[in-house]
Amino acid sequence: MILDVEQETLPREDLQELQLRRLRATVERCYHAVKYYRDAMDGLGVKPRHIQSLADVRLLPFTKKENLRENYPFGMFAVPTDQVVRIHASSGTTGKPTVVGYTRRDIRTWARLMARSLAAAGMRAGDRLHNAYGYGLFTGGLGLHYGAEELGVMVTPISGGQTQRQIMLIQDFEPTGLSCTPSYALNLAETADHMNVDLRKQSLKVGIFGAEPWTEEMRYELESRLGIQAVDIYGLSEVIGPGVAIECLEAKNGLHVFEDHFLIEAVDVNTGQPIPYGEAGEIVITSLTKEAFPVIRYRTRDVSVLDPAPCRCGRTHVRMKRVTGRTDDMLIIRGVNVFPSQVEAILMQTETLSPFYQLEITREGNLDLLTVNVEGSPPLVGQGQEAMDRVAHKAQKDIKDFIGVTAKVIVRRTSELPRSEGKAVRVIDHRKQAK
Ligand code: DLL
């Protein structure tokens with residue numbers, strides 16, 4: 001059984017009709033139930049009745065992370081708190097977290113979206129999911145969990161950590177699906193190697209990886225080390241959690257956005273003006289069915305490209321290219337913009353390097369220095385320091401040639417860099433810590 005398949009293959013016109021109906025209802029509700037939205041719309045002179053077509057969404061104000069923070073904790077809720085049955089929150093490295101709420105119906109909607117996500121990844125009732133996304137305020141664990149149960153999949157709610165034990169349980173419970181961050185999947189693969197367990201010979205067939213940027217090179221690495229097909233899943237707590245978009249197993253080429261529940265736009269990061277299909281822009285999302293925490297034109301700060309071309313899987317929903325990173329994760333090193341994932345792609349093309357890496361930024365005088373720490377593969381480390389330095393030098397040159405940024409590459413010995421249990425920390429910015 002593939003759930004709600006008729007929603008995913010709707011002709012565009014029917015889909016847009018549904019979206020408009022839902023958009024109008026959402027705007028109406030936000031205007032009357034949330035002071036923030038009413039004030040913001042009044043400020044622009046926009047009333048709910050002005051929304052006559054989907055393009056009219058552009059009349060509406062953007063919502064930014066700071067607007068959610070200003071209304072901490074429950075000020076953005078569109079229902080009384082006694083109708084809220086669940087809270088999640090994004091970690092908030094600086095100050096207070098961003099709190100989001102769900103009604104009973106929201107939880108149901110989310111579970112169905114996640115069941116559809118798992119179905120798109122090829123999972124079916126009777127399958128088994130090893131769910132190593134973190135449980136707690138983070139939406140990953142419970143999001144995947146409810147979706148698995150909805151689809152009829154047996155789920156192991158293992159969360160992150162205790163990695164050796166996870167390898168044992170994968171052998172014993174014989175899951176067909178693995179869900180976790182790509183960096184944790186790599187940690188699992190390495191731990192299995194240390195335990196002399198060949199994960200390729202185990203039951204796993206599909207990996208559902210997301211919650212952080214990753215590259216095609218990392219996909220190849222994970223697929224070959226785990227003996228699986230890996231698909232990319234995208235979402236954010238402010239919008240619902242995971243369940244906003246996922247790649248289909250058939251094409252594994254861009255993430256289908258669940259457009260019956262989310263209206264998606266790409267805008268210019270600086271001007272907020274719409275960006276045409278096919279060009280990179282900041283993803284902006286309006287929820288179409290959420291009750292407790294609807295969002296209007298939420299600026300995700302994630303950069304992607306939208307592609308409306310039909311997909312071989314038959315879905316008509318627009319696809320977004322994998323997210324290379326958040327605008328606020330973008331490093332500007334001596335005037336050159338660089339996302340950590342671009343560095344990842346280059347490191348992973350170098351066979352003698354391992355996929356474990358971390359970037360450090362320091363300031364010397366007026367200059368920002370980017371240091372790329374990456375572990376060598378065991379055979380390279382075995383050849384000694386000189387060989388490691390040679391590979392470092394080559395990677396440094398590749399980074400300069402392909403990204404245009406000057407970096408210092410240091411090849412480290414095995415296990416010198418931290419292993420991820422959830423979202424990997426890719427950048428340590430000593431400039432910020434010094435402030
Ligand atoms: O990471 C929700 C999630 C859980 C998605 C499990 C997928 C799987 P937050 O903690 O609020 O929510 O972080 C959201 O993570 O704005 C992106 O910057 C980043 N992100 C999420 N998925 C991807 C992805 C969850 N597939 C933020 N590729 C988002 C790149 C991603 N970045």
# chains A, B, ... in the order shown; residues from 1 in each chain; ligands from 1
$ closest_atom_pairs --of "chain A" --to "ligand 1" --cutoff "6 Å" --atoms "only C-alpha atoms and all ligand atoms" --output "Markdown table"
| residue | atom | partner | partner_atom_place_in_ligand_line | distance |
| --- | --- | --- | --- | --- |
| A:Ser90 | CA | ligand 1 | 11 (O) | 5.1 |
| A:Phe138 | CA | ligand 1 | 10 (O) | 5.9 |
| A:Thr139 | CA | ligand 1 | 4 (C) | 5.6 |
| A:Gly140 | CA | ligand 1 | 4 (C) | 3.7 |
| A:Gly210 | CA | ligand 1 | 26 (N) | 3.8 |
| A:Ala211 | CA | ligand 1 | 21 (C) | 3.3 |
| A:Glu212 | CA | ligand 1 | 32 (N) | 3.9 |
| A:Pro213 | CA | ligand 1 | 30 (C) | 3.4 |
| A:Asp232 | CA | ligand 1 | 26 (N) | 5.2 |
| A:Ile233 | CA | ligand 1 | 26 (N) | 4.6 |
| A:Tyr234 | CA | ligand 1 | 22 (N) | 3.7 |
| A:Gly235 | CA | ligand 1 | 5 (C) | 4.1 |
| A:Leu236 | CA | ligand 1 | 12 (O) | 3.5 |
| A:Ser237 | CA | ligand 1 | 11 (O) | 3.8 |
| A:Gly241 | CA | ligand 1 | 2 (C) | 4.4 |
| A:Pro242 | CA | ligand 1 | 5 (C) | 4.0 |
| A:Thr300 | CA | ligand 1 | 16 (O) | 5.6 |
| A:Asp302 | CA | ligand 1 | 18 (O) | 5.4 |
| A:Arg322 | CA | ligand 1 | 28 (N) | 5.9 |
| A:Val323 | CA | ligand 1 | 30 (C) | 4.4 |
| A:Gly325 | CA | ligand 1 | 32 (N) | 5.8 |
| A:Arg326 | CA | ligand 1 | 18 (O) | 5.0 |
$ write_last_selection --atoms "all heavy atoms" --output "compact mmCIF listing (two decimals), in the first residue's frame"
# COMPACT_ATOMS: atom_id res chain seq x y z
N SER A 90 13.75 23.52 18.58
CA SER A 90 15.05 23.39 17.91
C SER A 90 16.11 23.86 18.90
O SER A 90 15.85 24.71 19.74
CB SER A 90 15.09 24.20 16.63
OG SER A 90 15.12 25.56 16.93
N PHE A 138 14.17 17.30 19.70
CA PHE A 138 14.46 17.19 18.27
C PHE A 138 13.32 16.39 17.60
O PHE A 138 12.85 15.40 18.15
CB PHE A 138 15.80 16.47 18.09
CG PHE A 138 16.20 16.20 16.68
CD1 PHE A 138 16.24 17.22 15.73
CD2 PHE A 138 16.54 14.91 16.28
CE1 PHE A 138 16.61 16.95 14.42
CE2 PHE A 138 16.93 14.63 14.97
CZ PHE A 138 16.95 15.66 14.04
N THR A 139 12.93 16.82 16.40
CA THR A 139 11.78 16.20 15.74
C THR A 139 12.11 14.89 15.02
O THR A 139 11.19 14.17 14.61
CB THR A 139 11.20 17.16 14.67
OG1 THR A 139 12.29 17.61 13.85
CG2 THR A 139 10.50 18.35 15.31
N GLY A 140 13.41 14.60 14.84
CA GLY A 140 13.80 13.45 14.01
C GLY A 140 13.28 12.11 14.55
O GLY A 140 12.63 11.35 13.83
N GLY A 210 19.14 12.44 6.68
CA GLY A 210 18.92 13.88 6.52
C GLY A 210 19.20 14.59 7.83
O GLY A 210 19.92 14.08 8.69
N ALA A 211 18.63 15.78 7.97
CA ALA A 211 18.79 16.65 9.15
C ALA A 211 20.10 17.43 9.13
O ALA A 211 20.35 18.24 10.01
CB ALA A 211 18.63 15.89 10.47
N GLU A 212 20.94 17.16 8.14
CA GLU A 212 22.18 17.92 7.97
C GLU A 212 22.60 17.82 6.50
O GLU A 212 22.19 16.88 5.80
CB GLU A 212 23.29 17.37 8.88
CG GLU A 212 23.70 15.94 8.52
CD GLU A 212 24.71 15.34 9.49
OE1 GLU A 212 25.01 15.96 10.53
OE2 GLU A 212 25.19 14.22 9.19
N PRO A 213 23.38 18.77 6.03
CA PRO A 213 23.82 18.69 4.63
C PRO A 213 24.74 17.51 4.40
O PRO A 213 25.53 17.16 5.27
CB PRO A 213 24.59 20.00 4.42
CG PRO A 213 24.20 20.88 5.55
CD PRO A 213 23.87 19.98 6.70
N ASP A 232 17.63 11.00 0.58
CA ASP A 232 17.78 12.24 1.35
C ASP A 232 16.39 12.68 1.83
O ASP A 232 15.45 12.72 1.05
CB ASP A 232 18.36 13.30 0.39
CG ASP A 232 18.84 14.55 1.11
OD1 ASP A 232 18.82 14.59 2.35
OD2 ASP A 232 19.26 15.50 0.41
N ILE A 233 16.30 13.01 3.11
CA ILE A 233 15.03 13.50 3.67
C ILE A 233 15.27 14.87 4.29
O ILE A 233 16.29 15.09 4.95
CB ILE A 233 14.44 12.49 4.68
CG1 ILE A 233 13.12 13.04 5.27
CG2 ILE A 233 15.40 12.17 5.82
CD1 ILE A 233 12.31 12.00 6.03
N TYR A 234 14.34 15.78 4.05
CA TYR A 234 14.52 17.17 4.49
C TYR A 234 13.32 17.64 5.30
O TYR A 234 12.18 17.27 5.03
CB TYR A 234 14.67 18.07 3.26
CG TYR A 234 14.61 19.56 3.56
CD1 TYR A 234 15.73 20.25 4.01
CD2 TYR A 234 13.41 20.26 3.41
CE1 TYR A 234 15.67 21.60 4.29
CE2 TYR A 234 13.36 21.63 3.70
CZ TYR A 234 14.49 22.30 4.13
OH TYR A 234 14.43 23.64 4.42
N GLY A 235 13.60 18.49 6.25
CA GLY A 235 12.53 19.13 7.00
C GLY A 235 13.14 20.01 8.07
O GLY A 235 14.35 20.05 8.25
N LEU A 236 12.28 20.75 8.75
CA LEU A 236 12.76 21.59 9.84
C LEU A 236 11.66 21.75 10.87
O LEU A 236 10.48 21.73 10.53
CB LEU A 236 13.27 22.95 9.33
CG LEU A 236 12.37 23.90 8.57
CD1 LEU A 236 13.04 25.26 8.48
CD2 LEU A 236 12.11 23.38 7.18
N SER A 237 12.07 21.88 12.12
CA SER A 237 11.07 21.88 13.19
C SER A 237 10.06 23.00 13.02
O SER A 237 8.87 22.80 13.26
CB SER A 237 11.72 21.94 14.57
OG SER A 237 12.98 22.51 14.53
N GLY A 241 9.01 19.42 11.05
CA GLY A 241 10.02 18.42 11.38
C GLY A 241 10.37 17.72 10.08
O GLY A 241 10.19 18.29 9.00
N PRO A 242 10.87 16.45 10.13
CA PRO A 242 11.05 15.73 8.87
C PRO A 242 9.66 15.55 8.25
O PRO A 242 8.66 15.68 8.97
CB PRO A 242 11.64 14.39 9.31
CG PRO A 242 11.21 14.23 10.73
CD PRO A 242 11.16 15.62 11.31
N THR A 300 13.56 29.77 5.53
CA THR A 300 14.29 28.64 6.12
C THR A 300 15.79 28.89 6.24
O THR A 300 16.48 28.20 6.97
CB THR A 300 14.13 27.36 5.25
OG1 THR A 300 14.73 27.62 3.98
CG2 THR A 300 12.66 27.00 5.07
N ASP A 302 17.70 27.93 4.12
CA ASP A 302 18.31 26.83 3.36
C ASP A 302 18.30 27.19 1.87
O ASP A 302 17.31 27.69 1.36
CB ASP A 302 17.52 25.53 3.56
CG ASP A 302 17.63 25.03 4.98
OD1 ASP A 302 18.73 25.15 5.57
OD2 ASP A 302 16.63 24.54 5.52
N ARG A 322 19.26 18.73 -3.39
CA ARG A 322 19.73 18.59 -2.01
C ARG A 322 20.23 19.94 -1.49
O ARG A 322 20.81 20.73 -2.24
CB ARG A 322 20.77 17.49 -1.86
CG ARG A 322 22.04 17.65 -2.58
CD ARG A 322 23.14 16.70 -2.13
NE ARG A 322 23.00 15.29 -2.40
CZ ARG A 322 22.74 14.39 -1.45
NH1 ARG A 322 22.58 14.74 -0.21
NH2 ARG A 322 22.66 13.10 -1.77
N VAL A 323 19.95 20.20 -0.22
CA VAL A 323 20.30 21.48 0.38
C VAL A 323 21.80 21.48 0.67
O VAL A 323 22.29 20.59 1.37
CB VAL A 323 19.48 21.70 1.68
CG1 VAL A 323 19.99 22.88 2.46
CG2 VAL A 323 18.01 21.86 1.34
N GLY A 325 23.43 23.78 2.27
CA GLY A 325 23.71 24.32 3.59
C GLY A 325 22.83 25.52 3.86
O GLY A 325 22.13 25.99 2.97
N ARG A 326 22.85 25.96 5.09
CA ARG A 326 22.08 27.15 5.45
C ARG A 326 22.86 28.40 5.13
O ARG A 326 24.09 28.40 5.25
CB ARG A 326 21.85 27.16 6.97
CG ARG A 326 20.69 26.37 7.37
CD ARG A 326 20.31 26.71 8.79
NE ARG A 326 19.07 26.01 9.08
CZ ARG A 326 18.36 26.16 10.19
NH1 ARG A 326 18.74 26.97 11.12
NH2 ARG A 326 17.26 25.49 10.36
$ residues_around --residues "Thr350 (chain A)" --least-positions-apart "5" --cutoff "12 Å" --atoms "only C-alpha atoms" --output "JSON list (two decimals) with all heavy atoms, in the first residue's frame"
[["chain", "number", "residue", "atom", "x", "y", "z"],
["A", 217, "GLU", "N", 28.85, 12.36, -2.91],
["A", 217, "GLU", "CA", 30.02, 11.53, -2.58],
["A", 217, "GLU", "C", 29.75, 10.75, -1.30],
["A", 217, "GLU", "O", 30.09, 9.57, -1.18],
["A", 217, "GLU", "CB", 31.27, 12.41, -2.41],
["A", 217, "GLU", "CG", 31.83, 12.98, -3.70],
["A", 217, "GLU", "CD", 31.04, 14.16, -4.27],
["A", 217, "GLU", "OE1", 30.12, 14.67, -3.58],
["A", 217, "GLU", "OE2", 31.33, 14.57, -5.40],
["A", 343, "VAL", "N", 33.48, 21.48, 0.58],
["A", 343, "VAL", "CA", 34.78, 20.91, 0.99],
["A", 343, "VAL", "C", 34.64, 19.39, 1.12],
["A", 343, "VAL", "O", 35.51, 18.63, 0.68],
["A", 343, "VAL", "CB", 35.26, 21.55, 2.32],
["A", 343, "VAL", "CG1", 36.55, 20.90, 2.80],
["A", 343, "VAL", "CG2", 35.42, 23.06, 2.16],
["A", 344, "GLU", "N", 33.51, 18.97, 1.68],
["A", 344, "GLU", "CA", 33.27, 17.52, 1.83],
["A", 344, "GLU", "C", 33.39, 16.81, 0.48],
["A", 344, "GLU", "O", 34.04, 15.77, 0.35],
["A", 344, "GLU", "CB", 31.87, 17.28, 2.41],
["A", 344, "GLU", "CG", 31.47, 15.81, 2.43],
["A", 344, "GLU", "CD", 30.09, 15.58, 3.05],
["A", 344, "GLU", "OE1", 29.87, 16.01, 4.20],
["A", 344, "GLU", "OE2", 29.22, 14.96, 2.39],
["A", 345, "ALA", "N", 32.76, 17.40, -0.54],
["A", 345, "ALA", "CA", 32.76, 16.77, -1.86],
["A", 345, "ALA", "C", 34.20, 16.56, -2.35],
["A", 345, "ALA", "O", 34.53, 15.51, -2.90],
["A", 345, "ALA", "CB", 31.97, 17.61, -2.85],
["A", 355, "PRO", "N", 36.23, 9.82, 5.28],
["A", 355, "PRO", "CA", 35.16, 10.82, 5.25],
["A", 355, "PRO", "C", 34.99, 11.61, 6.55],
["A", 355, "PRO", "O", 34.02, 12.34, 6.68],
["A", 355, "PRO", "CB", 33.90, 9.99, 4.96],
["A", 355, "PRO", "CG", 34.31, 8.58, 4.99],
["A", 355, "PRO", "CD", 35.72, 8.47, 5.40],
["A", 374, "VAL", "N", 41.21, 16.57, 8.33],
["A", 374, "VAL", "CA", 40.58, 15.38, 7.75],
["A", 374, "VAL", "C", 41.43, 14.18, 8.10],
["A", 374, "VAL", "O", 42.67, 14.25, 8.08],
["A", 374, "VAL", "CB", 40.39, 15.55, 6.23],
["A", 374, "VAL", "CG1", 41.68, 15.89, 5.51],
["A", 374, "VAL", "CG2", 39.75, 14.31, 5.60],
["A", 375, "GLU", "N", 40.78, 13.08, 8.44],
["A", 375, "GLU", "CA", 41.56, 11.88, 8.77],
["A", 375, "GLU", "C", 42.01, 11.17, 7.50],
["A", 375, "GLU", "O", 41.25, 11.08, 6.53],
["A", 375, "GLU", "CB", 40.71, 10.92, 9.62],
["A", 375, "GLU", "CG", 40.51, 11.44, 11.03],
["A", 375, "GLU", "CD", 39.69, 10.50, 11.91],
["A", 375, "GLU", "OE1", 39.50, 9.33, 11.53],
["A", 375, "GLU", "OE2", 39.26, 10.96, 12.97],
["A", 376, "GLY", "N", 43.22, 10.65, 7.54],
["A", 376, "GLY", "CA", 43.72, 9.84, 6.43],
["A", 376, "GLY", "C", 43.12, 8.45, 6.53],
["A", 376, "GLY", "O", 42.69, 8.01, 7.60],
["A", 377, "SER", "N", 43.08, 7.75, 5.41],
["A", 377, "SER", "CA", 42.64, 6.35, 5.46],
["A", 377, "SER", "C", 43.73, 5.57, 6.19],
["A", 377, "SER", "O", 44.91, 5.98, 6.17],
["A", 377, "SER", "CB", 42.46, 5.81, 4.05],
["A", 377, "SER", "OG", 43.73, 5.80, 3.41],
["A", 380, "LEU", "N", 47.01, 5.11, 4.32],
["A", 380, "LEU", "CA", 47.80, 6.34, 4.17],
["A", 380, "LEU", "C", 48.54, 6.64, 5.47],
["A", 380, "LEU", "O", 49.74, 6.94, 5.46],
["A", 380, "LEU", "CB", 46.89, 7.52, 3.78],
["A", 380, "LEU", "CG", 47.61, 8.87, 3.74],
["A", 380, "LEU", "CD1", 48.65, 8.92, 2.60],
["A", 380, "LEU", "CD2", 46.63, 10.04, 3.59],
["A", 391, "VAL", "N", 49.44, 14.23, 0.54],
["A", 391, "VAL", "CA", 48.00, 14.19, 0.24],
["A", 391, "VAL", "C", 47.34, 15.50, 0.70],
["A", 391, "VAL", "O", 46.47, 16.05, 0.01],
["A", 391, "VAL", "CB", 47.34, 12.97, 0.92],
["A", 391, "VAL", "CG1", 45.82, 13.01, 0.77],
["A", 391, "VAL", "CG2", 47.88, 11.69, 0.31],
["A", 392, "ALA", "N", 47.80, 16.02, 1.84],
["A", 392, "ALA", "CA", 47.25, 17.30, 2.34],
["A", 392, "ALA", "C", 47.49, 18.39, 1.32],
["A", 392, "ALA", "O", 46.60, 19.19, 1.00],
["A", 392, "ALA", "CB", 47.91, 17.66, 3.68],
["A", 393, "HIS", "N", 48.67, 18.39, 0.78],
["A", 393, "HIS", "CA", 49.05, 19.42, -0.18],
["A", 393, "HIS", "C", 48.17, 19.35, -1.43],
["A", 393, "HIS", "O", 47.68, 20.35, -1.94],
["A", 393, "HIS", "CB", 50.53, 19.23, -0.55],
["A", 393, "HIS", "CG", 51.06, 20.35, -1.37],
["A", 393, "HIS", "ND1", 51.34, 21.59, -0.84],
["A", 393, "HIS", "CD2", 51.31, 20.44, -2.70],
["A", 393, "HIS", "CE1", 51.74, 22.39, -1.80],
["A", 393, "HIS", "NE2", 51.73, 21.72, -2.94],
["A", 394, "LYS", "N", 47.93, 18.12, -1.88],
["A", 394, "LYS", "CA", 47.10, 17.90, -3.07],
["A", 394, "LYS", "C", 45.65, 18.37, -2.80],
["A", 394, "LYS", "O", 45.03, 19.06, -3.62],
["A", 394, "LYS", "CB", 47.15, 16.41, -3.44],
["A", 394, "LYS", "CG", 46.10, 15.95, -4.42],
["A", 394, "LYS", "CD", 46.53, 16.24, -5.86],
["A", 394, "LYS", "CE", 45.66, 15.56, -6.91],
["A", 394, "LYS", "NZ", 44.25, 15.81, -6.83],
["A", 395, "ALA", "N", 45.12, 18.02, -1.61],
["A", 395, "ALA", "CA", 43.73, 18.41, -1.29],
["A", 395, "ALA", "C", 43.63, 19.93, -1.21],
["A", 395, "ALA", "O", 42.65, 20.54, -1.66],
["A", 395, "ALA", "CB", 43.32, 17.78, 0.04],
["A", 396, "GLN", "N", 44.67, 20.54, -0.65],
["A", 396, "GLN", "CA", 44.71, 22.00, -0.55],
["A", 396, "GLN", "C", 44.61, 22.65, -1.93],
["A", 396, "GLN", "O", 43.89, 23.60, -2.15],
["A", 396, "GLN", "CB", 46.06, 22.35, 0.07],
["A", 396, "GLN", "CG", 46.10, 23.60, 0.89],
["A", 396, "GLN", "CD", 47.31, 23.55, 1.81],
["A", 396, "GLN", "OE1", 47.35, 22.75, 2.75],
["A", 396, "GLN", "NE2", 48.29, 24.37, 1.54],
["A", 397, "LYS", "N", 45.35, 22.05, -2.86],
["A", 397, "LYS", "CA", 45.35, 22.57, -4.23],
["A", 397, "LYS", "C", 43.96, 22.37, -4.87],
["A", 397, "LYS", "O", 43.43, 23.27, -5.52],
["A", 397, "LYS", "CB", 46.43, 21.85, -5.05],
["A", 397, "LYS", "CG", 46.60, 22.42, -6.42],
["A", 397, "LYS", "CD", 47.82, 21.86, -7.12],
["A", 397, "LYS", "CE", 47.94, 22.42, -8.53],
["A", 397, "LYS", "NZ", 46.75, 22.25, -9.34],
["A", 398, "ASP", "N", 43.36, 21.20, -4.66],
["A", 398, "ASP", "CA", 42.03, 20.94, -5.22],
["A", 398, "ASP", "C", 41.00, 21.93, -4.67],
["A", 398, "ASP", "O", 40.13, 22.41, -5.39],
["A", 398, "ASP", "CB", 41.58, 19.51, -4.89],
["A", 398, "ASP", "CG", 42.36, 18.48, -5.70],
["A", 398, "ASP", "OD1", 43.04, 18.87, -6.68],
["A", 398, "ASP", "OD2", 42.31, 17.28, -5.34],
["A", 399, "ILE", "N", 41.10, 22.21, -3.37],
["A", 399, "ILE", "CA", 40.14, 23.14, -2.75],
["A", 399, "ILE", "C", 40.30, 24.52, -3.38],
["A", 399, "ILE", "O", 39.33, 25.20, -3.71],
["A", 399, "ILE", "CB", 40.32, 23.17, -1.22],
["A", 399, "ILE", "CG1", 39.83, 21.84, -0.63],
["A", 399, "ILE", "CG2", 39.58, 24.35, -0.59],
["A", 399, "ILE", "CD1", 40.12, 21.65, 0.84],
["A", 411, "VAL", "N", 46.17, 16.47, 7.44],
["A", 411, "VAL", "CA", 45.70, 15.08, 7.47],
["A", 411, "VAL", "C", 45.98, 14.51, 8.86],
["A", 411, "VAL", "O", 47.12, 14.51, 9.33],
["A", 411, "VAL", "CB", 46.37, 14.24, 6.37],
["A", 411, "VAL", "CG1", 45.95, 12.77, 6.49],
["A", 411, "VAL", "CG2", 45.97, 14.77, 5.00]]
$ closest_residue --among "A:Asp56, A:Asp106, A:Glu150, A:Asp328" --to "Leu288 (chain A)" --atoms "only C-alpha atoms"
A:Asp106
$ closest_residue --among "A:Tyr31, A:Phe402, A:Trp110, A:Phe62" --to "Val336 (chain A)" --atoms "only C-alpha atoms"
A:Phe402
$ residues_around --residues "region 262-277 of chain A" --least-positions-apart "2" --cutoff "10 Å" --atoms "only C-alpha atoms" --output "PDB file with C-alpha atoms, in the first residue's frame"
ATOM      1  CA  GLN A  16      -2.924  24.214  -7.161  1.00  0.00           C
ATOM      2  CA  GLN A  19      -3.254  24.565  -2.348  1.00  0.00           C
ATOM      3  CA  LEU A  20      -5.170  27.802  -2.853  1.00  0.00           C
ATOM      4  CA  ARG A  22      -5.783  25.559   2.007  1.00  0.00           C
ATOM      5  CA  LEU A  23      -3.681  28.708   1.770  1.00  0.00           C
ATOM      6  CA  LEU A  54      -1.415  31.303  -5.306  1.00  0.00           C
ATOM      7  CA  VAL A  57       1.215  34.598  -1.411  1.00  0.00           C
ATOM      8  CA  ARG A  58       3.837  37.205  -2.315  1.00  0.00           C
ATOM      9  CA  PHE A  62       7.939  36.833   5.517  1.00  0.00           C
ATOM     10  CA  VAL A 239       7.667  23.840   9.533  1.00  0.00           C
ATOM     11  CA  ILE A 240       6.775  20.389  10.979  1.00  0.00           C
ATOM     12  CA  VAL A 244       8.575  18.268   4.262  1.00  0.00           C
ATOM     13  CA  ALA A 245      10.395  16.608   1.360  1.00  0.00           C
ATOM     14  CA  VAL A 257       8.087  18.434  -1.577  1.00  0.00           C
ATOM     15  CA  PHE A 258       4.749  17.377  -0.090  1.00  0.00           C
ATOM     16  CA  GLU A 259       3.016  20.198  -1.880  1.00  0.00           C
ATOM     17  CA  ASP A 260      -0.466  19.262  -0.735  1.00  0.00           C
ATOM     18  CA  GLU A 279      18.037  28.786 -10.065  1.00  0.00           C
ATOM     19  CA  ALA A 280      19.379  28.685  -6.521  1.00  0.00           C
ATOM     20  CA  GLY A 281      17.453  30.604  -3.897  1.00  0.00           C
ATOM     21  CA  GLU A 282      16.471  30.572  -0.251  1.00  0.00           C
ATOM     22  CA  ILE A 283      13.625  28.170   0.395  1.00  0.00           C
ATOM     23  CA  VAL A 284      10.517  29.801   1.870  1.00  0.00           C
ATOM     24  CA  ILE A 285       7.680  27.628   3.146  1.00  0.00           C
ATOM     25  CA  THR A 286       4.036  28.277   4.025  1.00  0.00           C
ATOM     26  CA  SER A 287       2.221  25.481   5.832  1.00  0.00           C
ATOM     27  CA  LEU A 288      -1.184  24.665   4.379  1.00  0.00           C
ATOM     28  CA  THR A 289      -2.759  22.333   6.921  1.00  0.00           C
ATOM     29  CA  LYS A 290      -1.156  22.934  10.299  1.00  0.00           C
ATOM     30  CA  VAL A 295       3.803  29.325   9.368  1.00  0.00           C
ATOM     31  CA  ILE A 296       3.435  31.960   6.684  1.00  0.00           C
ATOM     32  CA  ARG A 297       6.350  32.404   4.294  1.00  0.00           C
ATOM     33  CA  TYR A 298       8.936  31.036   6.693  1.00  0.00           C
ATOM     34  CA  ARG A 299      12.465  31.926   5.636  1.00  0.00           C
ATOM     35  CA  ARG A 301      17.753  30.069   5.317  1.00  0.00           C
ATOM     36  CA  ASP A 302      18.310  26.831   3.359  1.00  0.00           C
ATOM     37  CA  VAL A 303      19.536  27.240  -0.186  1.00  0.00           C
ATOM     38  CA  SER A 304      18.228  24.989  -2.945  1.00  0.00           C
ATOM     39  CA  VAL A 305      16.950  24.842  -6.517  1.00  0.00           C
ATOM     40  CA  LEU A 306      13.338  23.933  -7.361  1.00  0.00           C
ATOM     41  CA  ASP A 307      12.641  21.669 -10.318  1.00  0.00           C
ATOM     42  CA  PRO A 308       9.084  21.115 -11.618  1.00  0.00           C
ATOM     43  CA  ALA A 309      10.084  18.534 -14.271  1.00  0.00           C
ATOM     44  CA  VAL A 318       8.057  19.708  -7.369  1.00  0.00           C
ATOM     45  CA  MET A 320      14.177  20.472  -4.542  1.00  0.00           C
ATOM     46  CA  THR A 327      22.858  30.717   4.514  1.00  0.00           C
TER      47      THR A 327
END
$ select_by_dssp --residues "region 103-167 of chain A" --states "strand (DSSP E)" --output "PyMOL selection string"
chain A and resi 103+128-131+154-156
$ write_last_selection --atoms "N, CA, C and O atoms" --output "mmCIF file, in the first residue's frame"
data_model
loop_
_atom_site.group_PDB
_atom_site.id
_atom_site.type_symbol
_atom_site.label_atom_id
_atom_site.label_comp_id
_atom_site.auth_asym_id
_atom_site.auth_seq_id
_atom_site.Cartn_x
_atom_site.Cartn_y
_atom_site.Cartn_z
ATOM 1 N N THR A 103 -1.320 20.044 17.482
ATOM 2 C CA THR A 103 -2.593 19.530 17.999
ATOM 3 C C THR A 103 -2.615 18.037 17.709
ATOM 4 O O THR A 103 -1.769 17.509 16.984
ATOM 5 N N ARG A 128 10.990 -3.272 8.647
ATOM 6 C CA ARG A 128 11.457 -2.934 10.007
ATOM 7 C C ARG A 128 12.420 -1.754 9.923
ATOM 8 O O ARG A 128 13.305 -1.740 9.060
ATOM 9 N N LEU A 129 12.236 -0.818 10.838
ATOM 10 C CA LEU A 129 13.072 0.390 10.803
ATOM 11 C C LEU A 129 13.916 0.511 12.066
ATOM 12 O O LEU A 129 13.389 0.480 13.185
ATOM 13 N N HIS A 130 15.229 0.665 11.869
ATOM 14 C CA HIS A 130 16.144 0.956 12.977
ATOM 15 C C HIS A 130 16.253 2.482 13.013
ATOM 16 O O HIS A 130 16.905 3.081 12.159
ATOM 17 N N ASN A 131 15.585 3.101 13.982
ATOM 18 C CA ASN A 131 15.478 4.569 13.968
ATOM 19 C C ASN A 131 16.475 5.191 14.939
ATOM 20 O O ASN A 131 16.231 5.270 16.142
ATOM 21 N N MET A 154 7.678 -2.091 11.746
ATOM 22 C CA MET A 154 8.137 -2.333 13.123
ATOM 23 C C MET A 154 9.340 -1.432 13.389
ATOM 24 O O MET A 154 10.343 -1.519 12.690
ATOM 25 N N VAL A 155 9.225 -0.589 14.406
ATOM 26 C CA VAL A 155 10.283 0.393 14.611
ATOM 27 C C VAL A 155 11.052 0.132 15.903
ATOM 28 O O VAL A 155 10.462 -0.158 16.940
ATOM 29 N N THR A 156 12.375 0.186 15.804
ATOM 30 C CA THR A 156 13.228 0.131 17.000
ATOM 31 C C THR A 156 13.594 1.571 17.362
ATOM 32 O O THR A 156 14.338 2.224 16.629
#
$ atom_distance --atom1 "CA of Leu347 (chain A)" --atom2 "CA of Asn373 (chain A)"
10.2 Å
$ closest_residue --among "A:Glu291, A:Cys311, A:Arg29, A:Ala78" --to "Arg108 (chain A)" --atoms "only C-alpha atoms"
A:Glu291
$ closest_residue --among "A:Met76, A:Ile246, A:Met388, A:Ile403" --to "Ala115 (chain A)" --atoms "only C-alpha atoms"
A:Ile246
